[in-house]
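Shown next: final08.cif, given as mmCIF, C-alpha atoms.
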data_final
loop_
_atom_site.label_atom_id
_atom_site.label_comp_id
_atom_site.auth_asym_id
_atom_site.auth_seq_id
_atom_site.Cartn_x
_atom_site.Cartn_y
_atom_site.Cartn_z
CA MET U 1 -4.35 53.91 -7.01
CA MET U 2 -1.07 55.31 -8.33
CA LYS U 3 0.87 52.61 -6.46
CA LYS U 4 -1.25 49.92 -8.14
CA ILE U 5 -0.68 51.46 -11.57
CA ILE U 6 3.09 51.55 -11.02
CA HIS U 7 3.10 47.96 -9.73
CA THR U 8 1.05 46.73 -12.70
CA SER U 9 3.22 48.60 -15.22
CA SER U 10 6.36 47.21 -13.64
CA TYR U 11 4.92 43.68 -13.72
CA LEU U 12 4.05 43.94 -17.40
CA PHE U 13 6.88 45.98 -18.89
CA ASP U 14 10.02 45.77 -16.70
CA PHE U 15 11.90 42.91 -18.34
CA ARG U 16 14.69 43.02 -15.77
CA LYS U 17 12.24 41.38 -13.36
CA ASP U 18 12.74 37.76 -14.31
CA ILE U 19 11.85 36.18 -10.93
CA GLU U 20 8.19 36.06 -9.93
CA ILE U 21 7.50 35.22 -6.30
CA PHE U 22 4.17 33.66 -5.47
CA GLY U 23 2.27 34.41 -2.26
CA MET U 24 -0.79 36.09 -0.77
CA PHE U 25 0.61 39.62 -0.59
CA GLY U 26 -1.28 42.76 0.29
CA PRO U 27 -4.29 41.85 2.49
CA GLY U 28 -2.56 42.68 5.78
CA ASN U 29 -0.68 39.63 6.99
CA LEU U 30 2.85 40.08 8.32
CA GLY U 31 3.76 36.45 7.67
CA ASP U 32 2.96 36.68 3.97
CA GLU U 33 4.70 40.02 3.59
CA ALA U 34 7.78 38.64 5.34
CA MET U 35 8.18 36.14 2.49
CA LEU U 36 8.22 38.95 -0.07
CA VAL U 37 10.64 41.09 1.95
CA ALA U 38 12.95 38.07 2.35
CA ALA U 39 12.97 37.57 -1.42
CA TYR U 40 13.79 41.23 -2.03
CA LYS U 41 16.56 41.06 0.58
CA THR U 42 18.12 37.86 -0.72
CA LEU U 43 17.82 38.40 -4.47
CA HIS U 44 18.45 41.64 -6.34
CA TRP U 45 15.33 43.75 -5.89
CA ARG U 46 15.36 44.69 -9.58
CA ARG U 47 14.89 41.03 -10.51
CA VAL U 48 12.01 40.20 -8.18
CA VAL U 49 8.32 40.90 -8.73
CA PRO U 50 5.39 39.60 -6.66
CA CYS U 51 2.66 37.69 -8.46
CA LEU U 52 -0.26 39.80 -9.58
CA SER U 53 -3.83 39.08 -10.63
CA THR U 54 -6.92 41.20 -11.24
CA PRO U 55 -9.91 38.82 -11.37
CA ASN U 56 -12.34 41.75 -11.40
CA ARG U 57 -10.76 43.04 -14.62
CA PRO U 58 -10.66 40.03 -16.97
CA TRP U 59 -8.91 41.82 -19.83
CA LEU U 60 -6.07 42.98 -17.57
CA ASP U 61 -5.90 39.62 -15.82
CA MET U 62 -5.46 37.97 -19.22
CA LEU U 63 -2.49 40.23 -19.98
CA LEU U 64 -0.94 39.50 -16.60
CA LYS U 65 -1.27 35.76 -17.08
CA ARG U 66 0.36 36.00 -20.51
CA ARG U 67 3.37 37.85 -19.12
CA ARG U 68 6.13 35.24 -19.02
CA ARG U 69 9.25 35.25 -16.87
CA HIS U 70 12.11 32.82 -16.44
CA HIS U 71 11.52 31.81 -12.82
CA LEU U 72 8.71 31.29 -10.33
CA ILE U 73 9.51 30.97 -6.63
CA VAL U 74 6.92 29.42 -4.33
CA ALA U 75 8.39 30.54 -1.04
CA GLY U 76 7.30 30.09 2.54
CA GLY U 77 3.83 29.58 3.92
CA THR U 78 1.70 26.45 3.71
CA LEU U 79 0.94 27.01 0.04
CA ILE U 80 0.80 23.33 -0.94
CA HIS U 81 -2.42 21.91 0.45
CA GLY U 82 -5.73 20.27 -0.37
CA GLY U 83 -7.95 23.29 0.17
CA GLN U 84 -8.92 26.09 -2.20
CA THR U 85 -7.36 25.69 -5.61
CA GLN U 86 -6.65 29.27 -6.75
CA TRP U 87 -3.06 29.04 -5.48
CA LEU U 88 -2.64 25.69 -7.23
CA ASP U 89 -4.23 27.09 -10.40
CA HIS U 90 -1.73 29.93 -10.56
CA VAL U 91 1.38 27.81 -9.98
CA GLU U 92 0.14 25.14 -12.38
CA SER U 93 -0.55 27.76 -15.05
CA ARG U 94 2.95 29.23 -14.72
CA ALA U 95 4.54 25.79 -14.80
CA ASN U 96 2.60 24.92 -17.96
CA LYS U 97 3.91 28.10 -19.59
CA GLY U 98 7.46 26.83 -19.16
CA LEU U 99 8.64 28.83 -16.13
CA SER U 100 11.36 27.26 -14.04
CA VAL U 101 9.50 26.60 -10.78
CA ARG U 102 11.34 26.39 -7.46
CA PHE U 103 10.03 25.79 -3.96
CA PHE U 104 11.95 27.28 -1.04
CA GLY U 105 10.79 26.83 2.54
CA THR U 106 7.27 25.92 1.47
CA GLY U 107 4.96 23.98 3.76
CA ILE U 108 2.74 21.05 2.75
CA ALA U 109 -0.57 20.14 4.40
CA PHE U 110 -2.86 17.34 3.24
CA SER U 111 -5.23 15.20 5.28
CA GLU U 112 -4.55 11.47 5.50
CA ASP U 113 -7.69 10.89 3.45
CA GLN U 114 -6.49 13.23 0.67
CA ILE U 115 -3.15 11.42 0.58
CA ALA U 116 -4.61 7.90 0.67
CA ASN U 117 -7.18 8.63 -2.04
CA ARG U 118 -4.83 10.73 -4.14
CA SER U 119 -7.23 13.65 -4.23
CA MET U 120 -7.32 15.92 -7.29
CA SER U 121 -5.29 18.67 -5.57
CA PHE U 122 -2.79 16.13 -4.20
CA SER U 123 -2.27 14.68 -7.68
CA ARG U 124 -1.94 18.08 -9.35
CA TRP U 125 0.55 19.34 -6.77
CA SER U 126 2.48 16.08 -7.06
CA LYS U 127 2.92 16.59 -10.80
CA ILE U 128 4.08 20.21 -10.36
CA LEU U 129 6.54 19.28 -7.63
CA ARG U 130 8.00 16.34 -9.55
CA ASN U 131 8.62 18.56 -12.58
CA SER U 132 10.04 21.51 -10.63
CA ALA U 133 13.64 22.65 -10.90
CA GLU U 134 14.19 22.49 -7.13
CA VAL U 135 12.11 21.57 -4.09
CA TYR U 136 13.25 22.64 -0.62
CA LEU U 137 10.56 22.44 2.05
CA ARG U 138 9.98 24.18 5.37
CA GLY U 139 10.40 21.26 7.76
CA GLN U 140 10.47 17.52 8.25
CA ASP U 141 6.68 17.12 8.35
CA SER U 142 6.42 18.65 4.87
CA VAL U 143 9.28 16.46 3.63
CA ASP U 144 7.52 13.36 4.97
CA ILE U 145 4.31 14.23 3.09
CA TYR U 146 6.37 14.85 -0.05
CA LYS U 147 7.83 11.36 0.27
CA LYS U 148 4.27 10.03 0.00
CA MET U 149 4.17 11.67 -3.43
CA GLY U 150 7.05 9.36 -4.31
CA VAL U 151 9.82 11.97 -4.30
CA LYS U 152 12.52 13.05 -1.86
CA ALA U 153 13.19 16.66 -0.84
CA ASP U 154 15.47 18.50 1.55
CA VAL U 155 14.57 20.68 4.51
CA PHE U 156 15.18 24.36 3.77
CA GLY U 157 13.81 25.88 6.97
CA ASP U 158 11.30 28.69 7.00
CA PHE U 159 11.86 31.31 4.30
CA ALA U 160 11.64 34.03 6.99
CA PHE U 161 14.98 32.86 8.40
CA LEU U 162 16.52 34.78 5.49
CA LEU U 163 15.45 37.97 7.27
CA HIS U 164 18.02 37.40 10.01
CA ASP U 165 20.10 40.51 10.60
CA PRO U 166 22.99 40.14 13.08
CA GLU U 167 22.43 43.73 14.24
CA ILE U 168 18.95 42.99 15.59
CA PRO U 169 19.41 40.30 18.31
CA LEU U 170 20.45 41.92 21.59
CA SER U 171 23.32 39.86 23.01
CA ASP U 172 23.58 41.81 26.29
CA PHE U 173 20.59 40.54 28.25
CA ASN U 174 21.17 43.22 30.89
CA LYS U 175 19.99 45.76 28.31
CA ARG U 176 16.63 44.05 27.89
CA VAL U 177 13.57 45.70 29.38
CA ASP U 178 10.92 44.12 31.60
CA THR U 179 8.48 43.81 28.72
CA ILE U 180 6.74 40.76 27.29
CA GLY U 181 5.46 40.76 23.72
CA VAL U 182 2.10 39.09 23.22
CA ASN U 183 0.35 37.89 20.09
CA VAL U 184 -3.11 36.35 20.11
CA GLY U 185 -5.67 35.48 17.46
CA LEU U 186 -8.05 32.84 16.15
CA CYS U 187 -6.82 29.41 17.16
CA LEU U 188 -9.11 27.31 14.89
CA ASP U 189 -9.99 25.15 17.89
CA ASP U 190 -11.97 25.88 21.06
CA GLN U 191 -11.69 29.65 20.75
CA GLU U 192 -13.58 30.37 23.95
CA GLY U 193 -11.44 27.98 25.98
CA PHE U 194 -8.27 29.28 24.35
CA GLU U 195 -9.11 32.90 25.19
CA LYS U 196 -9.98 31.96 28.77
CA SER U 197 -6.56 30.35 29.23
CA PHE U 198 -4.79 33.21 27.49
CA ILE U 199 -6.53 35.74 29.73
CA THR U 200 -5.19 33.86 32.75
CA ILE U 201 -1.68 34.04 31.28
CA VAL U 202 -1.72 37.76 30.52
CA LYS U 203 -3.24 38.62 33.89
CA TYR U 204 -0.35 36.88 35.60
CA LEU U 205 2.26 38.44 33.32
CA SER U 206 0.77 41.95 33.65
CA GLU U 207 1.48 41.91 37.39
CA ARG U 208 5.17 41.35 36.72
CA TYR U 209 5.94 42.86 33.31
CA ARG U 210 4.83 45.54 30.93
CA LEU U 211 2.85 43.90 28.14
CA VAL U 212 2.76 44.95 24.49
CA PHE U 213 0.28 43.17 22.25
CA HIS U 214 1.30 42.80 18.60
CA VAL U 215 -1.38 42.32 15.94
CA VAL U 216 0.10 40.85 12.75
CA ARG U 217 -3.13 40.04 10.91
CA ASP U 218 -5.97 42.51 10.63
CA CYS U 219 -8.55 39.77 11.28
CA ASN U 220 -7.05 39.22 14.77
CA LYS U 221 -7.52 42.78 16.02
CA GLU U 222 -10.94 42.01 17.53
CA VAL U 223 -9.64 38.98 19.44
CA THR U 224 -6.70 40.98 20.78
CA LEU U 225 -8.85 43.80 22.09
CA ARG U 226 -11.33 41.32 23.58
CA VAL U 227 -8.60 39.53 25.54
CA ILE U 228 -7.18 42.81 26.83
CA GLN U 229 -10.60 43.99 27.95
CA ALA U 230 -11.48 40.68 29.61
CA ALA U 231 -8.18 40.71 31.50
CA ASN U 232 -8.94 44.29 32.61
CA ILE U 233 -5.50 45.55 31.57
CA GLU U 234 -6.45 48.27 29.05
CA SER U 235 -4.84 51.03 31.10
CA ILE U 236 -1.46 49.30 31.41
CA THR U 237 -1.18 47.67 27.99
CA LYS U 238 -0.01 48.88 24.61
CA VAL U 239 -1.14 47.52 21.24
CA GLU U 240 0.98 47.71 18.08
CA TYR U 241 -0.06 46.79 14.56
CA HIS U 242 2.46 45.20 12.20
CA TYR U 243 0.98 44.04 8.91
CA TYR U 244 3.66 44.71 6.29
CA ASP U 245 7.20 45.34 7.63
CA PRO U 246 8.91 42.39 9.37
CA TYR U 247 11.98 44.48 10.19
CA ALA U 248 9.91 47.16 11.92
CA PHE U 249 8.32 44.37 13.95
CA MET U 250 11.66 42.82 14.92
CA HIS U 251 13.18 46.18 15.85
CA SER U 252 10.14 46.88 17.99
CA ILE U 253 10.54 43.68 20.03
CA ARG U 254 14.31 43.10 20.05
CA HIS U 255 14.77 44.47 23.58
CA TYR U 256 11.93 42.44 25.16
CA SER U 257 12.56 39.92 27.91
CA GLY U 258 10.23 37.43 26.24
CA PHE U 259 7.47 36.81 23.73
CA ILE U 260 4.41 34.54 23.66
CA GLY U 261 2.62 34.19 20.34
CA LEU U 262 -0.05 32.29 18.47
CA LYS U 263 0.56 33.27 14.85
CA LEU U 264 3.46 31.41 13.30
CA HIS U 265 5.39 34.40 12.01
CA ALA U 266 4.76 36.56 15.05
CA ALA U 267 6.47 34.01 17.28
CA GLY U 268 8.80 32.93 14.47
CA LEU U 269 10.10 36.43 13.75
CA ALA U 270 10.54 36.95 17.49
CA MET U 271 12.91 33.98 17.40
CA VAL U 272 14.73 35.45 14.39
CA ALA U 273 15.10 38.67 16.43
CA GLY U 274 16.73 36.72 19.28
CA VAL U 275 13.87 37.13 21.76
CA PRO U 276 13.12 34.22 24.16
CA THR U 277 9.86 32.91 22.74
CA VAL U 278 7.11 30.35 23.20
CA MET U 279 4.69 29.55 20.38
CA VAL U 280 1.18 28.13 20.51
CA ALA U 281 1.08 25.09 18.22
CA TYR U 282 -2.39 25.82 16.91
CA MET U 283 -1.70 24.13 13.58
CA PRO U 284 0.74 21.40 12.40
CA LYS U 285 2.81 24.06 10.62
CA ALA U 286 4.16 25.19 14.01
CA ARG U 287 5.92 21.84 14.47
CA ASP U 288 7.07 21.88 10.85
CA PHE U 289 8.59 25.32 11.50
CA MET U 290 10.42 24.10 14.60
CA THR U 291 11.93 20.84 13.28
CA PRO U 292 14.99 22.52 11.65
CA LEU U 293 15.55 24.28 14.99
CA GLY U 294 15.81 21.05 16.92
CA GLY U 295 12.13 20.51 17.64
CA GLY U 296 9.77 22.45 19.85
CA GLU U 297 10.47 21.09 23.32
CA GLY U 298 10.12 23.90 25.82
CA ILE U 299 8.92 26.27 23.09
CA LEU U 300 5.75 24.86 21.53
CA LEU U 301 2.55 25.05 23.57
CA ASN U 302 -0.11 22.46 22.78
CA LEU U 303 -3.84 23.03 22.64
CA PRO U 304 -5.86 23.05 24.80
CA LEU U 305 -3.60 25.71 26.25
CA ASP U 306 -2.45 25.08 29.82
CA PRO U 307 -1.58 28.42 31.51
CA ASP U 308 0.80 26.80 33.98
CA VAL U 309 2.76 25.04 31.23
CA ALA U 310 2.84 28.20 29.11
CA LEU U 311 4.20 30.32 31.96
CA LYS U 312 6.71 27.66 32.96
CA ASN U 313 8.04 27.33 29.40
CA LEU U 314 8.21 31.10 28.93
CA ASP U 315 10.12 31.44 32.17
CA LEU U 316 12.48 28.66 31.05
CA GLN U 317 13.23 30.40 27.74
CA MET U 318 13.77 33.74 29.48
CA SER U 319 16.17 32.17 31.98
CA LEU U 320 18.64 31.09 29.28
CA ASN U 321 20.20 34.59 29.03
CA ASP U 322 22.41 33.58 26.11
CA LEU U 323 21.72 33.88 22.38
CA SER U 324 23.71 30.71 21.75
CA LYS U 325 21.05 28.75 23.69
CA LEU U 326 18.10 30.26 21.80
CA PRO U 327 16.73 29.25 18.36
CA VAL U 328 18.41 32.27 16.75
CA ALA U 329 21.77 30.49 17.03
CA LYS U 330 20.53 27.76 14.67
CA ILE U 331 18.71 30.30 12.50
CA VAL U 332 22.04 32.03 11.77
CA ASN U 333 23.52 28.84 10.32
CA ILE U 334 20.34 27.85 8.47
CA ALA U 335 20.06 31.30 6.87
CA GLU U 336 23.66 31.08 5.63
CA GLN U 337 22.91 27.75 4.00
CA GLN U 338 19.68 29.12 2.51
CA ARG U 339 21.59 32.02 0.93
CA ARG U 340 24.09 29.61 -0.62
CA ILE U 341 21.24 27.64 -2.17
CA MET U 342 19.64 30.81 -3.54
CA LYS U 343 22.98 32.04 -4.86
CA ARG U 344 23.53 28.81 -6.75
CA ALA U 345 19.99 28.83 -8.15
CA PHE U 346 19.97 32.44 -9.35
CA GLU U 347 23.66 33.35 -9.61
CA VAL U 348 23.38 36.29 -7.22
CA GLU U 349 26.04 37.82 -5.00
CA PHE U 350 25.53 38.60 -1.32
#
Can I see the file as structure tokens?
Amino acid sequence: MMKKIIHTSSYLFDFRKDIEIFGMFGPGNLGDEAMLVAAYKTLHWRRVVPCLSTPNRPWLDMLLKRRRRHHLIVAGGTLIHGGQTQWLDHVESRANKGLSVRFFGTGIAFSEDQIANRSMSFSRWSKILRNSAEVYLRGQDSVDIYKKMGVKADVFGDFAFLLHDPEIPLSDFNKRVDTIGVNVGLCLDDQEGFEKSFITIVKYLSERYRLVFHVVRDCNKEVTLRVIQAANIESITKVEYHYYDPYAFMHSIRHYSGFIGLKLHAAGLAMVAGVPTVMVAYMPKARDFMTPLGGGEGILLNLPLDPDVALKNLDLQMSLNDLSKLPVAKIVNIAEQQRRIMKRAFEVEF
């Protein structure tokens, strides 16, 4: 309770905080929290404040909505889409109040039908984007959708790339341990078939490596425990929970031999940490994430998941034994460019 009071007071009364960052912070999702941590790391922490709303307290929510700042950052995540409109409502409201809106590393997802028929959400987002101060998107797929709105944008790369810390990737592969990091969850497809294939994968890996399962969303805990139990590896497997601190997650996995993950920012942050990684492409955003890194060949795993292909690709990534051959090498350069863009936009020093 005290933390909420302090946060609300800071949001309302600390006028040094002139940059509001929009995202779904707080519910227990490492990917969302990584966006906020990246903003704090890149910009001066005294200037940044996460968006805040209290729909159950209308009088307070009204005050929060009236609080004006100079800038709104819509950073990371697939926040521009044709689904629920509360995200759109918030960004549209801030834009209408005269905030300078900027998009950095944001993903776009609309169905072909929504694009062709210029759905209400597509049209509203189009207007916001066209009137924004800057638009830099996560990957080429998002840029291509943006072109259908009649405007060009540049690829920024995922906002989580800004979390890269040169001290985390382990360059001496001889110091890595025989451990594989695993992340599993809801695949939004044939869940039963997906879990069956994943069980086959972890059974095979458990005979050769120590496995550590990493839960990065609280809603995926049940799936994780179910897979472990079905594979009959409870006694030889560890489970870690990382919902809020991307650096704690990366430090935890930096010495692993490899990582296989479903959730975008579990596998994505493993790449940022320099760990040989394969990612299940359970949604189009996985390919959007990978395009600035040269595409997903040998890294992305299509659904339905083929255990043989997954194991082959993981083995291929683990055999590289050189950070310069892993995605982290490109992430270093992308992150430097991202910081230059942010510096120019907000006149900050790094």
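For U:Tyr282, the residues within 10 Å (counting only C-alpha atoms, excluding itself and residues fewer than 5 positions away along the chain) are U:Leu186, U:Cys187, U:Leu188, U:Asp189, U:Leu262, U:Lys263, U:Leu264, U:Arg287, U:Leu300, U:Leu301, U:Asn302, U:Leu303, U:Pro304, U:Leu305.
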Selection under test: the PyMOL selection byres ((chain U and resi 34) around 8); residues as a count of residues only | 13
Please identify all polymer residues within 9 Å of stretch 333-337 of chain U, counting all atoms listed in the file, omitting same-chain residues fewer than 3 positions from it, and present them as a PDB file with C-alpha atoms, in the coordinates of the input.
ATOM      1  CA  PHE U 156      15.180  24.360   3.770  1.00  0.00           C
ATOM      2  CA  GLY U 157      13.810  25.880   6.970  1.00  0.00           C
ATOM      3  CA  PHE U 159      11.860  31.310   4.300  1.00  0.00           C
ATOM      4  CA  ALA U 160      11.640  34.030   6.990  1.00  0.00           C
ATOM      5  CA  PHE U 161      14.980  32.860   8.400  1.00  0.00           C
ATOM      6  CA  LEU U 162      16.520  34.780   5.490  1.00  0.00           C
ATOM      7  CA  LEU U 163      15.450  37.970   7.270  1.00  0.00           C
ATOM      8  CA  HIS U 164      18.020  37.400  10.010  1.00  0.00           C
ATOM      9  CA  PRO U 292      14.990  22.520  11.650  1.00  0.00           C
ATOM     10  CA  LEU U 293      15.550  24.280  14.990  1.00  0.00           C
ATOM     11  CA  VAL U 328      18.410  32.270  16.750  1.00  0.00           C
ATOM     12  CA  ALA U 329      21.770  30.490  17.030  1.00  0.00           C
ATOM     13  CA  LYS U 330      20.530  27.760  14.670  1.00  0.00           C
ATOM     14  CA  ARG U 340      24.090  29.610  -0.620  1.00  0.00           C
ATOM     15  CA  ILE U 341      21.240  27.640  -2.170  1.00  0.00           C
ATOM     16  CA  MET U 342      19.640  30.810  -3.540  1.00  0.00           C
TER      17      MET U 342
END
Can you build me a table of stretch 89-165 of chain U residues sitting at most 6 Å from stretch 76-80 of chain U, with the closest atom pair per residue and its distance in Å to one decimal, using only C-alpha atoms, sorted by chain and residue number, as CSV?
residue,atom,partner,partner_atom,distance
U:Gly105,CA,U:Gly76,CA,4.8
U:Thr106,CA,U:Gly76,CA,4.3
U:Gly107,CA,U:Thr78,CA,4.1
U:Ile108,CA,U:Ile80,CA,4.8
U:Phe159,CA,U:Gly76,CA,5.0
Neighbours of stretch 220-233 of chain U within 12 Å (only C-alpha atoms; same-chain residues fewer than 3 positions away dropped), as a PyMOL selection string?
-> chain U and resi 28-30+182-187+191-207+209-217+236-243+261-263
Between atom CA of U:Ile115 and atom CA of U:Lys148, what is the distance, to one decimal in Å?
-> 7.6 Å
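Here atom CA of U:Asp154 is placed at a distance of 17.1 Å from atom CA of U:Trp125.
Separating atom CA of U:Met290 from atom CA of U:Ser111 is a distance of 20.3 Å.
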Around (13.6, 14.1, -6.3) in the file's frame, which residues reach within 8 Å when counting all atoms listed in the file? Return as a ChimeraX atom specification?
-> /U:130,135,151-153
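Minimum atom-to-atom distance to U:Val177, evaluated using all atoms listed in the file, belongs to U:Met318 out of U:Asp190, U:Gln140, U:Met318, U:Asp218.
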Quick one: apply the PyMOL selection byres ((chain U and resi 112) around 12) to the file and drop the selected residues here as a list in words.
-> His81, Gly82, Ala109, Phe110, Ser111, Asp113, Gln114, Ile115, Ala116, Asn117, Arg118, Ser119, Phe122, Ile145 and Lys148 of chain U
Who sits within 6 Å of U:Phe104, only C-alpha atoms, same chain under 5 positions skipped, as a ChimeraX atom specification | /U:75,136-137
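Under the PyMOL selection byres ((chain U and resi 128) around 10), the matching residues in the shown file are Leu88, Val91, Glu92, Ala95, Asn96, Val101, Arg102, Ser123, Arg124, Trp125, Ser126, Lys127, Leu129, Arg130, Asn131, Ser132 and Ala133 of chain U.
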Contacts of U:Val48 at 7 Å (only C-alpha atoms; same-chain gap of 5+ positions) as a ChimeraX atom specification = /U:17-21,40
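Closest approach to U:Ser171 from the set U:Leu326, U:Val49, U:Ala270, U:Met149 is made by U:Leu326, with distances taken over all atoms listed in the file.
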Take the point (20.8, 44.7, 26.4) as written in the file and pick out every residue within 12 Å of it, counting all atoms listed in the file; give the list as a compact mmCIF listing (two decimals) with C-alpha atoms, in the coordinates of the input.
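New file result-v4.txt:
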# COMPACT_ATOMS: atom_id res chain seq x y z
CA ILE U 168 18.95 42.99 15.59
CA PRO U 169 19.41 40.30 18.31
CA LEU U 170 20.45 41.92 21.59
CA SER U 171 23.32 39.86 23.01
CA ASP U 172 23.58 41.81 26.29
CA PHE U 173 20.59 40.54 28.25
CA ASN U 174 21.17 43.22 30.89
CA LYS U 175 19.99 45.76 28.31
CA ARG U 176 16.63 44.05 27.89
CA VAL U 177 13.57 45.70 29.38
CA ASP U 178 10.92 44.12 31.60
CA ARG U 254 14.31 43.10 20.05
CA HIS U 255 14.77 44.47 23.58
CA TYR U 256 11.93 42.44 25.16
CA SER U 257 12.56 39.92 27.91
CA GLY U 274 16.73 36.72 19.28
CA VAL U 275 13.87 37.13 21.76
CA ASN U 321 20.20 34.59 29.03
CA ASP U 322 22.41 33.58 26.11
CA LEU U 323 21.72 33.88 22.38
So, counting all atoms listed in the file, which residue among U:Ile299, U:Ala267, U:Ala248, U:Val74 is closest to U:Asn313?
-> U:Ile299
